[in-house]
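Undergrad: Dropping a structure here in structure tokens format, bear with me for questions.
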Amino acid sequence: MNISIIGSGYVGLVSGTCFADLGNNVICADNNKEKISSLKDGIVTMYEPGLEELIKKNTKRGTLKFTTSTKEAVEKSEIIFICVNTPPKNNGQADLIYVEKVCEDIAKYMNGYKLIVEKSTVPVNTAQRVNDVINSFRKKGAEFDIASNPEFLREGSAINDLMHPDRVVVGVNSKKAEKLLKDLYEPLKTKILVTNISGAELIKHASNSFLAMKISFINAVANICERVGADIEEVAAGIGSDKRIGPAFLSAGIGYGGSCFPKDVQAFTYIAEELGYDFGLLKEVEKINEQQKEIVVKKCEELLWNLLDKKIGILGLAFKPDTDDIRCAPALHIIKRLQEAGCKIKAYDPKAMDNVSKTTKGITFCKDAYAVAKDVDCLLVLTEWNDFKELDLTKIKNIMRQPILIDGRNMYDPKKMKKLGFKYACIGRKI
């Protein structure tokens with residue numbers, strides 16, 4: 001198939017690369033000339049395991065191309081995926097200005113039938129707006145269909161998620177659009193769920209909001225566990241063993257972050273309000289998530305007494321492991337609060353330090369975890385990188401000014417930490 005991806009950010013780049021690897025002819029377009037130039041040279045400016053190698057492979061064999069020309073991408077493709085950014089406004093509403101501009105460009109350059117697919121996360125009923133814009137600017141006689149095909153990619157495992165999905169959701173309003181998308185995804189040999197377009201648009205926001213709800217729920221339960229002497233890992237195992245619930249997203253910690261959950265919870269709340277429904281449940285999900293970050297700051301105050309001039313070491317800056325994404329990362333909120341209290345911050349992250357250095361001042365970045373731990377009063381583990389599981393904790397303790405460690409991701413065994421001589425705090429576990 002001849003496919004174009006308009007918007008070569010995270011979703012667009014992963015999707016386009018995987019479609020090309022399946023044997024399709026893919027053109028990834030973006031108006032960022034520097035980004036496209038780098039991609040043509042096989043250089044990827046974001047970190048996703050396996051992506052750079054897959055881009056080089058498919059660029060070499062000619063199934064994957066990059067361009068700054070939307071005209072070229074549209075004219076040479078039958079299926080066009082819209083993968084541009086939909087950032088939140090101050091009120092939580094998704095900003096669809098980039099979607100509108102892309103739709104206008106697509107309409108101008110249509111030279112035959114096109115299937116225009118929403119892959120960016122957009123509010124329900126966006127397809128009708130897309131349809132109206134295309135109709136306003138298309139050439140006479142240029143036929144098209146609109147479809148919705150939401151992505152469910154997790155940063156750090158995005159390639160596997162696209163190539164081996166639990167399901168593929170397609171929202172369509174014509175049999176032709178349905179057949180094209182079914183043919184595209186047929187090689188994946190997975191369940192294809194076909195809905196109308198509004199249903200597909202809702203599924204994306206509802207899925208992410210539900211997962212965010214599970215995270216906030218288990219964090220709330222963890223706070224109760226601390227008050228009664230129960231262990232959240234035992235409680236979560238008991239909850240997750242119920243096949244109606246399942247164990248996924250029941251790991252207590254410092255809250256969710258990233259580009260999807262915070263934005264989608266806010267957007268879904270706003271959508272509901274616009275439709276006349278007060279989605280109070282999602283408001284509470286967001287409230288609990290914000291409170292969870294503050295719990296870490298409170299634990300620092302309890303263990304260190306006064307925070308002024310204390311040296312704090314931070315292990316982990318990205319919102320999750322195996323990515324360099326720092327969007328809405330809980331670590332950055334915690335660092336800001338500690339800096340406001342007068343703390344001096346040292347930090348290490350395997351992939352995210354360059355990104356943080358561009359947005360956050362006053363942090364001393366270190367070459368590894370041991371350099372962070374040296375002479376600090378307290379060490380915070382805020383991202384569960386596998387590297388941190390393998391640390392020599394005895395060495396860590398011996399080089400710290402005070403052996404205080406706050407484990408925001410419950411990576412270590414509380415009994416072992418106590419035996420090693422740490423003043424250890426975690427989230428909802430017995431110590």
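Residues are named by chain letter and number: chains run A, B, ... in the order of the structure tokens, numbers start at 1 in each chain, and ligands are numbered from 1 in the order shown.
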So which residues touch A:Gly23 within 12 Å, counting only C-alpha atoms, skipping near sequence neighbours fewer than 5 positions away, as an NGL selection string?

TA: :A and (1-3 or 16-18 or 57-59 or 61-64 or 184-185 or 187)

Undergrad: Once you have the residues from the selection above, write them out as a JSON list (two decimals), in the first residue's frame, restricted to C-alpha atoms.

TA:
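Writing done, so here's part_21.json:
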[["chain", "number", "residue", "atom", "x", "y", "z"],
["A", 1, "MET", "CA", 0.00, 0.00, 0.00],
["A", 2, "ASN", "CA", 1.01, 3.61, -0.52],
["A", 3, "ILE", "CA", 0.83, 5.40, 2.81],
["A", 16, "GLY", "CA", 5.31, 4.90, 9.63],
["A", 17, "THR", "CA", 8.43, 2.85, 10.30],
["A", 18, "CYS", "CA", 6.45, -0.24, 11.28],
["A", 57, "LYS", "CA", 16.75, -0.85, 7.57],
["A", 58, "ASN", "CA", 13.62, 0.37, 5.78],
["A", 59, "THR", "CA", 15.21, 3.56, 4.46],
["A", 61, "ARG", "CA", 15.47, -0.92, 1.20],
["A", 62, "GLY", "CA", 13.38, 2.01, -0.06],
["A", 63, "THR", "CA", 10.08, 1.40, 1.73],
["A", 64, "LEU", "CA", 10.49, 4.39, 4.05],
["A", 184, "LEU", "CA", -3.30, -2.84, 6.02],
["A", 185, "TYR", "CA", -3.45, -4.58, 9.40],
["A", 187, "PRO", "CA", -0.40, -9.15, 8.36]]

Undergrad: Among stretch 265-382 of chain A, which residues carry a DSSP assignment of strand (DSSP E or B), reported as a ChimeraX atom specification?

TA: /A:311-315,344-348,363-365,378-381

Undergrad: Do you have the atom CA of A:Val133-atom CA of A:Val172 distance handy?

TA: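 Taking atom CA of A:Val133 and atom CA of A:Val172, their separation equals 17.8 Å.
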
Undergrad: Would you kindly return, as a ChimeraX atom specification, each protein, DNA or RNA residue with an atom no farther than 12 Å from any atom of A:Cys83, considering only C-alpha atoms and excluding same-chain residues fewer than 4 positions away?

TA: /A:4-16,28-30,96,98-99,102-103,116-122,148-151

Undergrad: For the selection just defined, write its residues with C-alpha atoms to a file, as a compact mmCIF listing (two decimals), in the first residue's frame.

TA:
# COMPACT_ATOMS: atom_id res chain seq x y z
CA SER A 4 1.74 8.85 4.07
CA ILE A 5 2.23 9.94 7.67
CA ILE A 6 1.67 13.65 8.28
CA GLY A 7 3.58 14.52 11.44
CA SER A 8 6.78 12.64 12.23
CA GLY A 9 6.71 12.89 15.99
CA TYR A 10 6.62 9.89 18.28
CA VAL A 11 3.39 8.30 17.03
CA GLY A 12 3.93 9.17 13.39
CA LEU A 13 7.52 7.98 13.25
CA VAL A 14 6.88 4.67 14.99
CA SER A 15 3.74 3.99 12.96
CA GLY A 16 5.31 4.90 9.63
CA CYS A 28 6.74 10.45 6.55
CA ALA A 29 6.20 14.20 6.26
CA ASP A 30 6.98 16.94 8.75
CA LEU A 96 -6.67 21.00 17.25
CA TYR A 98 -2.46 21.58 13.80
CA VAL A 99 -5.10 19.06 12.76
CA VAL A 102 -3.01 19.65 7.98
CA CYS A 103 -6.53 18.89 6.77
CA ILE A 116 -7.76 10.25 5.69
CA VAL A 117 -7.17 8.61 9.06
CA GLU A 118 -7.07 10.28 12.47
CA LYS A 119 -4.26 8.68 14.44
CA SER A 120 -3.56 11.62 16.71
CA THR A 121 -5.60 11.50 19.90
CA VAL A 122 -8.57 13.76 19.23
CA SER A 148 -10.30 6.92 13.08
CA ASN A 149 -7.50 4.52 14.02
CA PRO A 150 -6.30 5.38 17.54
CA GLU A 151 -2.82 4.29 18.61

Undergrad: Measuring between only C-alpha atoms, which one of A:Asn173, A:Ser216, A:Ser209, A:Asn32 shows the shortest distance to A:Thr195?

TA: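 Between A:Asn173, A:Ser216, A:Ser209, A:Asn32, the residue approaching A:Thr195 most closely is A:Asn173.
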
Undergrad: Can you tell me, as a list in words, what residues are no more than 12 Å from A:Ala369 when counting only C-alpha atoms, ignoring any on the same chain fewer than 4 positions away?

TA: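 Those residues are Gly313, Ile314, Leu315, Gly316, Lys346, Ala347, Tyr348, Asp349, Pro350, Phe365, Ala373, Lys374, Val376, Leu379, Leu380, Val381, Trp385, Asp387, Phe388, Lys389, Glu390, Leu391, Asp392, Leu393, Lys395, Ile396, Lys397, Ile399 and Met400 of chain A.
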
Undergrad: With C-alpha atoms retained, export the selected residues as a PDB file, in the first residue's frame.

TA:
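Saved the output as out33.pdb:
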ATOM      1  CA  GLY A 313      20.298  12.942  44.789  1.00  0.00           C
ATOM      2  CA  ILE A 314      17.767  12.022  42.103  1.00  0.00           C
ATOM      3  CA  LEU A 315      17.891   8.693  40.257  1.00  0.00           C
ATOM      4  CA  GLY A 316      15.583   8.837  37.262  1.00  0.00           C
ATOM      5  CA  LYS A 346      22.166  16.207  41.776  1.00  0.00           C
ATOM      6  CA  ALA A 347      20.676  13.830  39.223  1.00  0.00           C
ATOM      7  CA  TYR A 348      21.284  10.962  36.833  1.00  0.00           C
ATOM      8  CA  ASP A 349      19.113   9.337  34.160  1.00  0.00           C
ATOM      9  CA  PRO A 350      20.383   6.987  31.427  1.00  0.00           C
ATOM     10  CA  PHE A 365      23.970  16.227  36.246  1.00  0.00           C
ATOM     11  CA  ALA A 373      24.955   9.426  45.749  1.00  0.00           C
ATOM     12  CA  LYS A 374      28.305  10.857  46.821  1.00  0.00           C
ATOM     13  CA  VAL A 376      24.125  13.602  49.506  1.00  0.00           C
ATOM     14  CA  LEU A 379      18.671   9.710  47.572  1.00  0.00           C
ATOM     15  CA  LEU A 380      15.358   9.578  45.686  1.00  0.00           C
ATOM     16  CA  VAL A 381      14.607   6.808  43.173  1.00  0.00           C
ATOM     17  CA  TRP A 385      15.325   1.923  35.246  1.00  0.00           C
ATOM     18  CA  ASP A 387      20.189  -0.098  35.879  1.00  0.00           C
ATOM     19  CA  PHE A 388      19.107   0.952  39.355  1.00  0.00           C
ATOM     20  CA  LYS A 389      18.167  -2.607  40.335  1.00  0.00           C
ATOM     21  CA  GLU A 390      21.793  -3.660  39.919  1.00  0.00           C
ATOM     22  CA  LEU A 391      23.415  -0.967  42.066  1.00  0.00           C
ATOM     23  CA  ASP A 392      25.907  -1.860  44.780  1.00  0.00           C
ATOM     24  CA  LEU A 393      23.753  -0.567  47.631  1.00  0.00           C
ATOM     25  CA  LYS A 395      28.742   1.251  48.185  1.00  0.00           C
ATOM     26  CA  ILE A 396      25.877   3.703  47.782  1.00  0.00           C
ATOM     27  CA  LYS A 397      25.317   3.836  51.532  1.00  0.00           C
ATOM     28  CA  ILE A 399      29.444   7.326  50.022  1.00  0.00           C
ATOM     29  CA  MET A 400      26.300   9.177  51.125  1.00  0.00           C
TER      30      MET A 400
END

Undergrad: Considering only C-alpha atoms, can you say which of A:Gly342, A:Gly428, A:Gly171, A:Gly280 comes closest to A:Glu233?

TA: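 Distance minimum relative to A:Glu233 lands on A:Gly428.
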
Undergrad: Using atom CA of A:Gly50 and atom CA of A:Asp264 as the two end points, give the distance in Å to one decimal.

TA: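 So the two atoms, atom CA of A:Gly50 and atom CA of A:Asp264, lie 26.6 Å apart.
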
Undergrad: If we count only C-alpha atoms, what is near stretch 292-301 of chain A at a cut-off of 7 Å, once residues fewer than 4 positions away on the same chain are taken out, given as a compact mmCIF listing (two decimals) with N, CA and C atoms, in the first residue's frame?

TA:
# COMPACT_ATOMS: atom_id res chain seq x y z
N ILE A 254 4.81 7.06 42.39
CA ILE A 254 4.70 8.51 42.54
C ILE A 254 3.76 9.13 41.51
N GLY A 255 2.96 8.29 40.86
CA GLY A 255 1.97 8.82 39.93
C GLY A 255 2.36 8.67 38.48
N ILE A 288 -5.70 12.84 42.80
CA ILE A 288 -4.87 11.85 43.50
C ILE A 288 -3.48 11.81 42.90
N TRP A 305 14.09 16.51 58.30
CA TRP A 305 13.68 17.60 59.17
C TRP A 305 13.66 18.92 58.40
N ASN A 306 14.79 19.62 58.32
CA ASN A 306 14.84 20.87 57.55
C ASN A 306 15.44 20.59 56.18
N LEU A 307 14.81 21.14 55.14
CA LEU A 307 15.27 20.89 53.78
C LEU A 307 16.28 21.92 53.28
N PRO A 330 6.80 13.00 36.85
CA PRO A 330 6.69 13.31 38.28
C PRO A 330 8.00 13.81 38.88
N ILE A 334 8.73 17.04 41.54
CA ILE A 334 9.36 16.83 42.85
C ILE A 334 10.63 17.66 42.97
N LEU A 338 11.46 20.63 45.73
CA LEU A 338 12.64 20.56 46.60
C LEU A 338 13.54 21.78 46.42

Undergrad: Using only C-alpha atoms, which of A:Ile406, A:Val221, A:Ile326, A:Leu162 sits nearest A:Val235?

TA: A:Val221

Undergrad: Could you list, as a list in words, every residue within 8 Å of A:Lys191, counting only C-alpha atoms and ignoring same-chain residues fewer than 3 positions away?

TA: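 The neighbour list is Asp166, Arg167 and Val168 of chain A.
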
Undergrad: Find the spatial neighbours of A:Ala230, counting only C-alpha atoms, within a cut-off of 9 Å - ignore same-chain residues fewer than 4 positions away - and output them as a ChimeraX atom specification.

TA: /A:222,224-226,234-235,428-430

Undergrad: Between atom CA of A:Gly240 and atom CA of A:Gly156, what is the distance, to one decimal in Å?

TA: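 Going from atom CA of A:Gly240 over to atom CA of A:Gly156 covers 23.3 Å.
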
Undergrad: Would you please work out which residue, of A:Val228, A:Val170, A:Leu317, A:Val194, is nearest to A:Lys351 when using only C-alpha atoms?

TA: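 So, comparing all the options, the nearest one is A:Leu317.
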
Undergrad: Point out the residue among A:Gln266, A:Asn24, A:Gln402, A:Ser157 with the least atom-to-atom distance to A:Tyr47, counting only C-alpha atoms.

TA: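 Smallest distance to A:Tyr47 is found for A:Ser157.
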
Undergrad: How would you write, as a count of residues only, the set of residues in stretch 78-294 of chain A that DSSP gives as helix (DSSP H, G or I)?

TA: 115

Undergrad: Nearest residue to A:Met417 out of A:Gly362, A:Gly92, A:Pro403, A:Pro123, using only C-alpha atoms?

TA: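 That would be A:Pro403, the residue with the smallest distance to A:Met417.
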